[in-house]
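Undergrad: Here you go, data05.pdb (PDB, C-alpha atoms):
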```pdb
ATOM      1  CA  MET A1302     101.402 140.415 121.312
ATOM      2  CA  LYS A1303      99.540 138.058 123.611
ATOM      3  CA  ASP A1304      96.184 139.256 122.220
ATOM      4  CA  HIS A1305      97.395 138.658 118.659
ATOM      5  CA  PHE A1306      98.445 135.089 119.524
ATOM      6  CA  ASN A1307      95.084 134.406 121.156
ATOM      7  CA  ARG A1308      93.231 135.723 118.076
ATOM      8  CA  ILE A1309      94.866 133.216 115.700
ATOM      9  CA  SER A1310      92.267 130.842 114.439
ATOM     10  CA  TRP A1311      93.780 127.425 115.090
ATOM     11  CA  THR A1312      91.079 125.843 112.944
ATOM     12  CA  ASN A1313      92.634 127.641 109.934
ATOM     13  CA  VAL A1314      96.274 127.004 110.862
ATOM     14  CA  LEU A1315      96.079 123.403 112.056
ATOM     15  CA  PRO A1316      95.316 121.714 108.687
ATOM     16  CA  SER A1317      98.232 123.524 107.009
ATOM     17  CA  LEU A1318     100.554 122.673 109.864
ATOM     18  CA  LEU A1319      99.572 118.993 109.704
ATOM     19  CA  LEU A1320     100.134 118.920 105.927
ATOM     20  CA  VAL A1321     103.655 120.322 106.334
ATOM     21  CA  ILE A1322     104.475 117.729 109.005
ATOM     22  CA  VAL A1323     103.154 114.854 106.864
ATOM     23  CA  LEU A1324     105.102 116.027 103.786
ATOM     24  CA  MET A1325     108.314 116.370 105.785
ATOM     25  CA  ALA A1326     107.904 112.910 107.299
ATOM     26  CA  SER A1327     107.137 111.257 103.947
ATOM     27  CA  THR A1328     110.224 112.846 102.382
ATOM     28  CA  ALA A1329     112.429 111.657 105.225
ATOM     29  CA  LEU A1330     111.011 108.142 105.245
ATOM     30  CA  ALA A1331     110.417 107.495 101.529
ATOM     31  CA  PHE A1332     111.249 103.883 100.702
ATOM     32  CA  PRO A1333     114.026 103.375 103.255
ATOM     33  CA  ASP A1334     113.645  99.643 102.637
ATOM     34  CA  GLY A1335     114.006  99.728  98.865
ATOM     35  CA  ALA A1336     111.971 100.319  95.769
ATOM     36  CA  PRO A1337     108.404  99.006  95.559
ATOM     37  CA  ALA A1338     107.572  96.268  93.032
ATOM     38  CA  ASP A1339     105.665  98.675  90.784
ATOM     39  CA  THR A1340     108.934 100.498  90.013
ATOM     40  CA  CYS A1341     109.341  98.038  87.124
ATOM     41  CA  VAL A1342     106.209  99.203  85.332
ATOM     42  CA  LYS A1343     105.810 102.877  86.241
ATOM     43  CA  LYS A1344     105.798 105.586  83.604
ATOM     44  CA  ARG A1345     109.508 106.135  84.317
ATOM     45  CA  ALA A1346     110.379 102.442  84.671
ATOM     46  CA  ASN A1347     113.317 101.513  86.908
ATOM     47  CA  GLN A1348     113.528 105.054  88.297
ATOM     48  CA  PRO A1349     112.572 106.243  91.764
ATOM     49  CA  ASN A1350     109.378 108.210  92.133
ATOM     50  CA  HIS A1351     110.913 110.918  94.329
ATOM     51  CA  GLY A1352     108.662 113.871  93.675
ATOM     52  CA  THR A1353     110.175 116.298  91.186
ATOM     53  CA  ALA A1354     113.702 114.814  91.420
ATOM     54  CA  ARG A1355     115.048 113.456  88.121
ATOM     55  CA  SER A1356     118.033 111.356  87.164
ATOM     56  CA  GLN A1357     121.403 113.105  87.076
ATOM     57  CA  PRO A1358     123.291 113.291  83.757
ATOM     58  CA  ALA A1359     125.027 109.993  82.914
ATOM     59  CA  GLU A1360     128.433 111.656  82.543
ATOM     60  CA  THR A1361     128.329 112.714  86.217
ATOM     61  CA  ASN A1362     127.666 109.186  87.519
ATOM     62  CA  PRO A1363     130.296 108.357  90.175
ATOM     63  CA  PHE A1364     129.263 104.676  90.426
ATOM     64  CA  GLU A1365     130.002 101.476  88.508
ATOM     65  CA  VAL A1366     127.817  98.426  87.987
ATOM     66  CA  VAL A1367     130.018  95.530  86.900
ATOM     67  CA  ALA A1368     129.027  91.933  86.100
ATOM     68  CA  ASP A1369     131.478  89.056  85.860
ATOM     69  CA  SER A1370     129.841  87.760  82.661
ATOM     70  CA  GLN A1371     127.452  88.812  79.923
ATOM     71  CA  THR A1372     126.682  85.276  78.757
ATOM     72  CA  TYR A1373     124.723  82.748  80.762
ATOM     73  CA  HIS A1374     123.792  79.091  80.640
ATOM     74  CA  PRO A1375     121.002  77.267  82.547
ATOM     75  CA  GLY A1376     121.225  77.871  86.299
ATOM     76  CA  GLN A1377     124.492  79.838  86.128
ATOM     77  CA  GLN A1378     125.155  82.417  88.824
ATOM     78  CA  ILE A1379     126.599  85.787  87.829
ATOM     79  CA  SER A1380     128.092  88.239  90.310
ATOM     80  CA  VAL A1381     127.089  91.897  89.915
ATOM     81  CA  VAL A1382     128.882  94.552  91.968
ATOM     82  CA  VAL A1383     127.925  98.191  92.595
ATOM     83  CA  TYR A1384     130.689 100.523  93.824
ATOM     84  CA  PRO A1385     132.110 104.049  93.356
ATOM     85  CA  HIS A1386     134.582 104.716  90.503
ATOM     86  CA  SER A1387     138.153 104.360  91.647
ATOM     87  CA  GLY A1388     139.326 107.491  93.383
ATOM     88  CA  HIS A1389     135.777 108.490  94.374
ATOM     89  CA  GLY A1390     135.158 107.551  97.998
ATOM     90  CA  GLN A1391     131.464 108.324  97.610
ATOM     91  CA  VAL A1392     128.791 106.261  99.297
ATOM     92  CA  PHE A1393     125.314 105.452  98.048
ATOM     93  CA  ARG A1394     122.098 104.723  99.891
ATOM     94  CA  GLY A1395     120.164 102.602  97.461
ATOM     95  CA  PHE A1396     119.966 100.753  94.192
ATOM     96  CA  PHE A1397     117.474  99.066  91.922
ATOM     97  CA  LEU A1398     118.802  96.618  89.336
ATOM     98  CA  GLN A1399     116.996  94.464  86.836
ATOM     99  CA  ALA A1400     118.239  91.558  84.694
ATOM    100  CA  ARG A1401     117.249  91.589  81.015
ATOM    101  CA  ASP A1402     117.866  89.254  78.109
ATOM    102  CA  ALA A1403     120.126  91.113  75.660
ATOM    103  CA  HIS A1404     118.277  89.705  72.612
ATOM    104  CA  SER A1405     114.604  90.014  73.626
ATOM    105  CA  ASN A1406     114.917  92.697  76.358
ATOM    106  CA  GLU A1407     112.616  90.547  78.550
ATOM    107  CA  TRP A1408     113.056  90.304  82.320
ATOM    108  CA  ILE A1409     114.875  87.059  83.056
ATOM    109  CA  GLY A1410     116.272  84.991  85.884
ATOM    110  CA  GLU A1411     116.155  85.708  89.566
ATOM    111  CA  TRP A1412     118.302  87.369  92.189
ATOM    112  CA  VAL A1413     119.640  85.633  95.268
ATOM    113  CA  GLN A1414     118.451  87.594  98.279
ATOM    114  CA  SER A1415     121.270  88.513 100.613
ATOM    115  CA  GLU A1416     121.682  90.629 103.709
ATOM    116  CA  ASN A1417     120.300  94.154 103.233
ATOM    117  CA  THR A1418     118.627  93.370  99.881
ATOM    118  CA  LYS A1419     115.086  92.712  98.750
ATOM    119  CA  THR A1420     114.231  90.829  95.571
ATOM    120  CA  ILE A1421     111.343  91.684  93.257
ATOM    121  CA  PRO A1422     110.728  88.419  91.370
ATOM    122  CA  GLU A1423     107.849  89.892  89.328
ATOM    123  CA  CYS A1424     110.397  91.689  87.151
ATOM    124  CA  SER A1425     113.771  90.056  87.870
ATOM    125  CA  ALA A1426     114.889  92.964  90.066
ATOM    126  CA  ILE A1427     116.747  93.534  93.325
ATOM    127  CA  THR A1428     116.836  96.605  95.568
ATOM    128  CA  HIS A1429     118.359  97.781  98.843
ATOM    129  CA  ALA A1430     116.603  96.849 102.081
ATOM    130  CA  ASP A1431     117.881  99.646 104.314
ATOM    131  CA  LYS A1432     118.786 103.323 104.042
ATOM    132  CA  LYS A1433     122.324 103.008 105.390
ATOM    133  CA  ASP A1434     125.307 104.422 103.512
ATOM    134  CA  LYS A1435     126.965 101.782 101.338
ATOM    135  CA  LEU A1436     130.509 101.628  99.990
ATOM    136  CA  GLY A1437     129.514  98.793  97.672
ATOM    137  CA  ALA A1438     127.088  95.944  97.107
ATOM    138  CA  LYS A1439     127.818  92.455  95.789
ATOM    139  CA  LEU A1440     124.755  90.794  94.291
ATOM    140  CA  ILE A1441     124.186  87.357  92.762
ATOM    141  CA  TRP A1442     121.875  86.764  89.785
ATOM    142  CA  LYS A1443     120.773  83.272  88.817
ATOM    143  CA  ALA A1444     120.020  82.413  85.177
ATOM    144  CA  PRO A1445     116.806  80.593  84.227
ATOM    145  CA  GLN A1446     117.033  76.770  84.285
ATOM    146  CA  ASN A1447     115.878  76.342  80.682
ATOM    147  CA  LYS A1448     117.674  79.059  78.751
ATOM    148  CA  ARG A1449     121.068  80.352  77.630
ATOM    149  CA  GLY A1450     122.083  83.628  76.032
ATOM    150  CA  ASN A1451     123.306  87.102  76.868
ATOM    151  CA  VAL A1452     122.166  89.175  79.836
ATOM    152  CA  TYR A1453     122.593  92.781  80.889
ATOM    153  CA  PHE A1454     121.786  94.523  84.153
ATOM    154  CA  THR A1455     120.192  97.942  84.213
ATOM    155  CA  GLY A1456     118.757 100.274  86.821
ATOM    156  CA  THR A1457     119.428 103.084  89.261
ATOM    157  CA  VAL A1458     121.955 103.944  91.955
ATOM    158  CA  LEU A1459     120.730 106.440  94.523
ATOM    159  CA  GLN A1460     123.159 108.619  96.443
ATOM    160  CA  GLN A1461     120.404 110.381  98.375
ATOM    161  CA  TYR A1462     116.695 111.088  97.963
ATOM    162  CA  GLY A1463     117.026 113.693  95.206
ATOM    163  CA  THR A1464     120.352 112.584  93.717
ATOM    164  CA  PHE A1465     120.353 109.421  91.640
ATOM    165  CA  TRP A1466     121.503 108.037  88.296
ATOM    166  CA  SER A1467     119.106 105.921  86.218
ATOM    167  CA  ASP A1468     119.322 103.878  83.039
ATOM    168  CA  ILE A1469     122.727 102.597  84.113
ATOM    169  CA  VAL A1470     123.829  99.550  82.129
ATOM    170  CA  ASN A1471     126.453  97.281  83.596
ATOM    171  CA  LYS A1472     129.983  96.893  82.376
ATOM    172  CA  VAL A1473     131.500  93.424  82.076
ATOM    173  CA  GLN A1474     134.607  92.565  84.035
ATOM    174  CA  ALA A1475     137.515  91.979  81.690
ATOM    175  CA  GLU A1476     138.643  88.381  81.392
ATOM    176  CA  PRO A1477     142.078  87.823  82.881
ATOM    177  CA  GLN A1478     144.857  87.787  80.275
ATOM    178  CA  TYR A1479     147.260  84.820  80.642
TER     179      TYR A1479
END
```
Could I get this structure in the form of structure tokens?
TA:
Amino acid sequence: MKDHFNRISWTNVLPSLLLVIVLMASTALAFPDGAPADTCVKKRANQPNHGTARSQPAETNPFEVVADSQTYHPGQQISVVVYPHSGHGQVFRGFFLQARDAHSNEWIGEWVQSENTKTIPECSAITHADKKDKLGAKLIWKAPQNKRGNVYFTGTVLQQYGTFWSDIVNKVQAEPQY
């Protein structure tokens, strides 16, 4: 056995071993601080580039994205909340949301950066800034100063590296009935 071990050519084994270590490390550390800015314009826009992983079916999505308004006026702030459906105590690790004008579909406005978030002003997006489990996220979007109209928020909620839901479109919080 000792002779067999000594006969192994480490020059043949070492490159393969290093490749496995690098791949394992990159999988474990992939974007722990949120999505990169180019997420907005990749082939699969607004979706994570997590190897062969693809978005889960929409009907299995355990998370809600809810805005407190769908209309905006100059400089208005709109609250957008991400959380699990009622009755599902599931946590998520990340999110990527983008604000779009409902008429033109253009990226609009800007997000207010808060603790544990990172804004991507190039495409009116916001993402997580850590890989910790989250029970919810409350985000604030600010409308452009020179425009009014309708807005919607779309993007991805990531439960873990290979499990995420994309092309989510927000719901609007019902107005209180008096």
Undergrad: Calculated over all atoms listed in the file, which of the candidates A:Tyr1373, A:Trp1412, A:Phe1465, A:Trp1442 has the smallest distance to Val1392 of chain A?
TA: A:Phe1465
Undergrad: A:Val1366, A:Leu1436, A:Ala1426, A:Ala1359: which is nearest Gly1390 of chain A, counting all atoms listed in the file?
TA: A:Leu1436
Undergrad: Neighbours of Gly1463 of chain A within 10 Å (only C-alpha atoms; same-chain residues fewer than 4 positions away dropped), as a list of chain:residue names?
TA: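 Counting only the stated atoms, we get A:Thr1328, A:Pro1349, A:Asn1350, A:His1351, A:Gly1352, A:Thr1353, A:Ala1354, A:Arg1355, A:Ser1356, A:Gln1357, A:Leu1459.
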Undergrad: Counting only C-alpha atoms, find the residues whose atoms lie at most 12 Å from (117.3, 88.2, 72.0) (file coordinates) and write them out as a PyMOL selection string.
TA: chain A and resi 1372+1401-1409+1448-1453
Undergrad: How would the residues just picked look written out with C-alpha atoms as a PDB file, in the coordinates of the input?
TA:
```pdb
ATOM      1  CA  THR A1372     126.682  85.276  78.757  1.00  0.00           C
ATOM      2  CA  ARG A1401     117.249  91.589  81.015  1.00  0.00           C
ATOM      3  CA  ASP A1402     117.866  89.254  78.109  1.00  0.00           C
ATOM      4  CA  ALA A1403     120.126  91.113  75.660  1.00  0.00           C
ATOM      5  CA  HIS A1404     118.277  89.705  72.612  1.00  0.00           C
ATOM      6  CA  SER A1405     114.604  90.014  73.626  1.00  0.00           C
ATOM      7  CA  ASN A1406     114.917  92.697  76.358  1.00  0.00           C
ATOM      8  CA  GLU A1407     112.616  90.547  78.550  1.00  0.00           C
ATOM      9  CA  TRP A1408     113.056  90.304  82.320  1.00  0.00           C
ATOM     10  CA  ILE A1409     114.875  87.059  83.056  1.00  0.00           C
ATOM     11  CA  LYS A1448     117.674  79.059  78.751  1.00  0.00           C
ATOM     12  CA  ARG A1449     121.068  80.352  77.630  1.00  0.00           C
ATOM     13  CA  GLY A1450     122.083  83.628  76.032  1.00  0.00           C
ATOM     14  CA  ASN A1451     123.306  87.102  76.868  1.00  0.00           C
ATOM     15  CA  VAL A1452     122.166  89.175  79.836  1.00  0.00           C
ATOM     16  CA  TYR A1453     122.593  92.781  80.889  1.00  0.00           C
TER      17      TYR A1453
END
```
Undergrad: Run through the PyMOL selection byres ((chain A and resi 1369) around 12) on the given coordinates and return the selected residues as a PyMOL selection string.
TA: chain A and resi 1366-1368+1370-1373+1377-1383+1439-1442+1452-1454+1471-1477
Undergrad: Which one is closest to Gly1437 of chain A: A:Val1458, A:Cys1424, A:Gly1410, A:Cys1341? Count only C-alpha atoms.
TA: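 Of A:Val1458, A:Cys1424, A:Gly1410, A:Cys1341, the one nearest Gly1437 of chain A is A:Val1458, counting only C-alpha atoms.
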Undergrad: Need the shell around Lys1433 of chain A: protein/DNA/RNA residues with any atom at most 12 Å away, counting only C-alpha atoms. Skip same-chain ones fewer than 4 positions apart. Format as a list in words?
TA: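 That gives Pro1333, Asp1334, Gly1335, Val1392, Phe1393, Arg1394, Gly1395, Phe1396, Asn1417, Thr1418, His1429, Gly1437, Ala1438, Leu1459, Gln1460 and Gln1461 of chain A.
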Undergrad: Could you take the residues named above and write them with C-alpha atoms, as an mmCIF file, in the frame of the given file?
TA:
```cif
data_model
loop_
_atom_site.group_PDB
_atom_site.id
_atom_site.type_symbol
_atom_site.label_atom_id
_atom_site.label_comp_id
_atom_site.auth_asym_id
_atom_site.auth_seq_id
_atom_site.Cartn_x
_atom_site.Cartn_y
_atom_site.Cartn_z
ATOM 1 C CA PRO A 1333 114.026 103.375 103.255
ATOM 2 C CA ASP A 1334 113.645 99.643 102.637
ATOM 3 C CA GLY A 1335 114.006 99.728 98.865
ATOM 4 C CA VAL A 1392 128.791 106.261 99.297
ATOM 5 C CA PHE A 1393 125.314 105.452 98.048
ATOM 6 C CA ARG A 1394 122.098 104.723 99.891
ATOM 7 C CA GLY A 1395 120.164 102.602 97.461
ATOM 8 C CA PHE A 1396 119.966 100.753 94.192
ATOM 9 C CA ASN A 1417 120.300 94.154 103.233
ATOM 10 C CA THR A 1418 118.627 93.370 99.881
ATOM 11 C CA HIS A 1429 118.359 97.781 98.843
ATOM 12 C CA GLY A 1437 129.514 98.793 97.672
ATOM 13 C CA ALA A 1438 127.088 95.944 97.107
ATOM 14 C CA LEU A 1459 120.730 106.440 94.523
ATOM 15 C CA GLN A 1460 123.159 108.619 96.443
ATOM 16 C CA GLN A 1461 120.404 110.381 98.375
#
```
Undergrad: Just give me the gap between atom CA of Gln1348 of chain A and atom CA of Asp1468 of chain A in Å, one decimal is fine.
TA: 7.9 Å
Undergrad: One decimal, in Å: what's the spacing between atom CA of Ala1444 of chain A and atom CA of Lys1432 of chain A?
TA: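 It comes out at 28.2 Å.
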Undergrad: Record the distance separating atom CA of Glu1365 of chain A and atom CA of Leu1398 of chain A, expressed in Å with one decimal.
TA: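 Going from atom CA of Glu1365 of chain A over to atom CA of Leu1398 of chain A covers 12.2 Å.
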Undergrad: With all atoms listed in the file counted, which protein, DNA or RNA residues have an atom no more than 8 Å from (113.6, 79.7, 86.5) in the file frame? Please answer as a ChimeraX atom specification.
TA: /A:1376,1410-1411,1444-1447
